[in-house]
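Enquirer: Structure incoming, see below.
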Amino acid sequence: MRLQTYLNEEWIKLYPNKPKFEVLENPSTREITKLIGRNGEGRFIADRQDKILWLWDSEKGIHQTVYNALEIIGRVIFGEVKMINGKWTMYSSYDMESIMKSRTYEEVIDMMKKFYWLKKYIDIDYYIENKIKEWYRRWDYKPI
């Protein structure tokens with residue numbers, strides 16, 4: 001609850017005319033559904049060092065605002081989730097897309113392995129199987 005209060009206070013300081021919003025830490029499937037069920041999409045920050053997933057409704061706030069409010073110091077990825085095949089699923093990550101431009105497929109997969117703990121909360125296999133593999137296949141990409 002202290003995290004919620006802190007985020008609300010920081011949010012009001014940054015955007016005084018915006019409403020407060022809830023950020024969940026390591027949420028259950030039920031909590032995710034309750035939080036973003038109506039909108040259908042959420043945003044998250046995953047900290048691989050401390051194995052913490054912060055998740056919120058995508059209509060409420062942006063990654064940088066939450067990142068700044070939490071004062072995170074660690075290896076994180078920003079991403080987005082939505083319901084796919086009955087599971088809350090990572091479907092987008094501009095961090096990973098940026099990394100893919102400068103790394104080999106094997107390096108990207110190795111990096112994603114460090115985030116496999118996320119499977120406890122959201123499905124990341126969809127992103128690996130569909131987005132990462134598709135990107136390398138489509139562009140036959142070889143990093144510089």
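Please note that chains go A, B, ... in the order of the structure tokens, that every chain numbers its residues from 1, and that ligands are numbered from 1 in the order shown.
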Just list the residues in range 6-130 of chain A DSSP gives alpha helix (DSSP H) on the backbone, as a PyMOL selection string.
Expert: chain A and resi 6-14+29-36+63-70+94-100+105-113+125-126
Enquirer: Could you write out the selected residues, including C-alpha atoms, as a CSV table (one decimal), in the first residue's frame?
Expert:
chain,number,residue,atom,x,y,z
A,6,TYR,CA,4.0,7.0,-3.1
A,7,LEU,CA,3.1,6.6,-6.7
A,8,ASN,CA,-0.1,8.5,-6.3
A,9,GLU,CA,1.8,11.4,-4.6
A,10,GLU,CA,4.5,11.5,-7.3
A,11,TRP,CA,1.9,11.2,-10.1
A,12,ILE,CA,0.0,14.2,-8.7
A,13,LYS,CA,3.3,16.2,-8.5
A,14,LEU,CA,4.1,15.5,-12.1
A,29,THR,CA,-3.7,-13.4,-12.7
A,30,ARG,CA,-6.8,-12.4,-10.8
A,31,GLU,CA,-5.3,-9.0,-9.8
A,32,ILE,CA,-4.2,-8.3,-13.4
A,33,THR,CA,-7.7,-9.1,-14.7
A,34,LYS,CA,-9.3,-6.9,-12.1
A,35,LEU,CA,-6.9,-4.0,-12.9
A,36,ILE,CA,-6.8,-4.1,-16.7
A,63,HIS,CA,6.6,3.6,-18.5
A,64,GLN,CA,8.9,6.5,-17.8
A,65,THR,CA,6.6,8.1,-15.2
A,66,VAL,CA,6.4,4.8,-13.2
A,67,TYR,CA,10.1,4.2,-13.7
A,68,ASN,CA,11.0,7.6,-12.3
A,69,ALA,CA,8.5,7.3,-9.4
A,70,LEU,CA,9.9,4.0,-8.4
A,94,TYR,CA,10.3,-1.4,-27.4
A,95,ASP,CA,13.3,-2.1,-25.2
A,96,MET,CA,13.7,-5.6,-26.7
A,97,GLU,CA,13.0,-4.2,-30.2
A,98,SER,CA,15.8,-1.7,-29.8
A,99,ILE,CA,18.2,-4.5,-28.5
A,100,MET,CA,17.3,-6.7,-31.4
A,105,TYR,CA,19.2,-13.8,-32.2
A,106,GLU,CA,21.1,-16.0,-29.8
A,107,GLU,CA,22.2,-13.0,-27.7
A,108,VAL,CA,18.6,-11.7,-27.5
A,109,ILE,CA,17.3,-15.2,-26.5
A,110,ASP,CA,20.0,-15.4,-23.9
A,111,MET,CA,18.9,-12.1,-22.5
A,112,MET,CA,15.3,-13.1,-22.4
A,113,LYS,CA,16.3,-16.2,-20.3
A,125,ASP,CA,6.8,-17.3,-24.7
A,126,TYR,CA,4.4,-15.7,-27.1
Enquirer: Can you check which residues of range 44-140 of chain A DSSP gives as strand (DSSP E) on the backbone and send them as a VMD selection string?
Expert: chain A and resid 44 to 47 52 to 57 76 to 84 87 to 92
Enquirer: For the residues in that selection, give me N, CA and C atoms as a compact mmCIF listing (two decimals), in the first residue's frame.
Expert:
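The new file result_37.txt reads:
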# COMPACT_ATOMS: atom_id res chain seq x y z
N PHE A 44 4.09 -2.78 -18.28
CA PHE A 44 4.84 -3.30 -17.15
C PHE A 44 6.30 -2.90 -17.22
N ILE A 45 6.91 -2.95 -16.07
CA ILE A 45 8.36 -2.84 -15.93
C ILE A 45 8.78 -4.09 -15.17
N ALA A 46 9.77 -4.80 -15.70
CA ALA A 46 10.28 -6.00 -15.05
C ALA A 46 11.73 -5.78 -14.67
N ASP A 47 12.03 -5.97 -13.40
CA ASP A 47 13.37 -5.81 -12.86
C ASP A 47 13.97 -7.19 -12.70
N ILE A 52 11.10 -8.38 -9.83
CA ILE A 52 9.86 -7.68 -9.52
C ILE A 52 9.20 -7.25 -10.83
N LEU A 53 7.91 -7.48 -10.90
CA LEU A 53 7.10 -7.04 -12.03
C LEU A 53 6.15 -5.97 -11.51
N TRP A 54 6.20 -4.78 -12.09
CA TRP A 54 5.24 -3.72 -11.79
C TRP A 54 4.33 -3.60 -12.99
N LEU A 55 3.03 -3.58 -12.78
CA LEU A 55 2.07 -3.59 -13.87
C LEU A 55 0.93 -2.63 -13.59
N TRP A 56 0.45 -1.95 -14.64
CA TRP A 56 -0.66 -1.00 -14.51
C TRP A 56 -1.44 -0.95 -15.81
N ASP A 57 -2.61 -0.34 -15.76
CA ASP A 57 -3.48 -0.15 -16.91
C ASP A 57 -2.78 0.79 -17.89
N VAL A 76 16.19 -3.60 -16.26
CA VAL A 76 14.75 -3.69 -16.46
C VAL A 76 14.42 -3.73 -17.94
N ILE A 77 13.24 -4.23 -18.22
CA ILE A 77 12.66 -4.07 -19.55
C ILE A 77 11.27 -3.48 -19.37
N PHE A 78 10.90 -2.67 -20.33
CA PHE A 78 9.55 -2.12 -20.39
C PHE A 78 8.78 -2.98 -21.39
N GLY A 79 7.53 -3.24 -21.10
CA GLY A 79 6.74 -4.03 -22.02
C GLY A 79 5.25 -3.77 -21.86
N GLU A 80 4.50 -4.46 -22.72
CA GLU A 80 3.04 -4.34 -22.69
C GLU A 80 2.43 -5.73 -22.71
N VAL A 81 1.28 -5.84 -22.04
CA VAL A 81 0.56 -7.12 -21.97
C VAL A 81 -0.88 -6.95 -22.43
N LYS A 82 -1.42 -8.04 -22.93
CA LYS A 82 -2.85 -8.12 -23.22
C LYS A 82 -3.25 -9.59 -23.18
N MET A 83 -4.52 -9.84 -23.17
CA MET A 83 -5.03 -11.20 -23.11
C MET A 83 -4.91 -11.83 -24.50
N ILE A 84 -4.17 -12.93 -24.58
CA ILE A 84 -4.02 -13.69 -25.82
C ILE A 84 -4.20 -15.16 -25.46
N LYS A 87 -4.57 -15.99 -21.74
CA LYS A 87 -3.50 -15.70 -20.79
C LYS A 87 -3.05 -14.25 -20.94
N TRP A 88 -2.66 -13.63 -19.82
CA TRP A 88 -2.05 -12.31 -19.89
C TRP A 88 -0.67 -12.51 -20.47
N THR A 89 -0.42 -11.85 -21.61
CA THR A 89 0.73 -12.16 -22.44
C THR A 89 1.53 -10.91 -22.82
N MET A 90 2.84 -11.02 -22.72
CA MET A 90 3.71 -9.96 -23.21
C MET A 90 3.61 -9.97 -24.73
N TYR A 91 3.21 -8.84 -25.30
CA TYR A 91 3.08 -8.79 -26.76
C TYR A 91 3.94 -7.70 -27.39
N SER A 92 4.52 -6.83 -26.58
CA SER A 92 5.31 -5.74 -27.13
C SER A 92 6.36 -5.30 -26.12
Enquirer: Restricting the calculation to only C-alpha atoms: of A:Phe115, A:Lys120, A:Tyr136, A:Glu71, which residue gets closest to Arg103 in chain A?
Expert: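 Between A:Phe115, A:Lys120, A:Tyr136, A:Glu71, the residue approaching Arg103 in chain A most closely is A:Tyr136.
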Enquirer: Choose the residue, out of A:Pro27, A:Tyr116, A:Glu59, A:Ile73, that has the smallest atom-to-atom separation from Gly40 in chain A; count only C-alpha atoms.
Expert: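 Of the candidates, the smallest distance to Gly40 in chain A is held by A:Glu59.
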Enquirer: From the options A:Gly86, A:Asp50, A:Ser58, A:Val23, which residue's atoms come nearest to Asp123 in chain A, counting only C-alpha atoms?
Expert: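 Distance minimum relative to Asp123 in chain A lands on A:Gly86.
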Enquirer: With distances taken over only C-alpha atoms, which residue among A:Ser28, A:Thr104, A:Ser93, A:Asn85 lies nearest Lys131 in chain A?
Expert: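 Of A:Ser28, A:Thr104, A:Ser93, A:Asn85, the one nearest Lys131 in chain A, counting only C-alpha atoms, is A:Ser93.
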Enquirer: In terms of the shortest atom-to-atom distance over only C-alpha atoms, which of A:Lys133, A:Arg38, A:Leu118, A:Gly61 is closest to Lys20 in chain A?
Expert: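 Looking at the shortest contact to Lys20 in chain A, the residue is A:Gly61.
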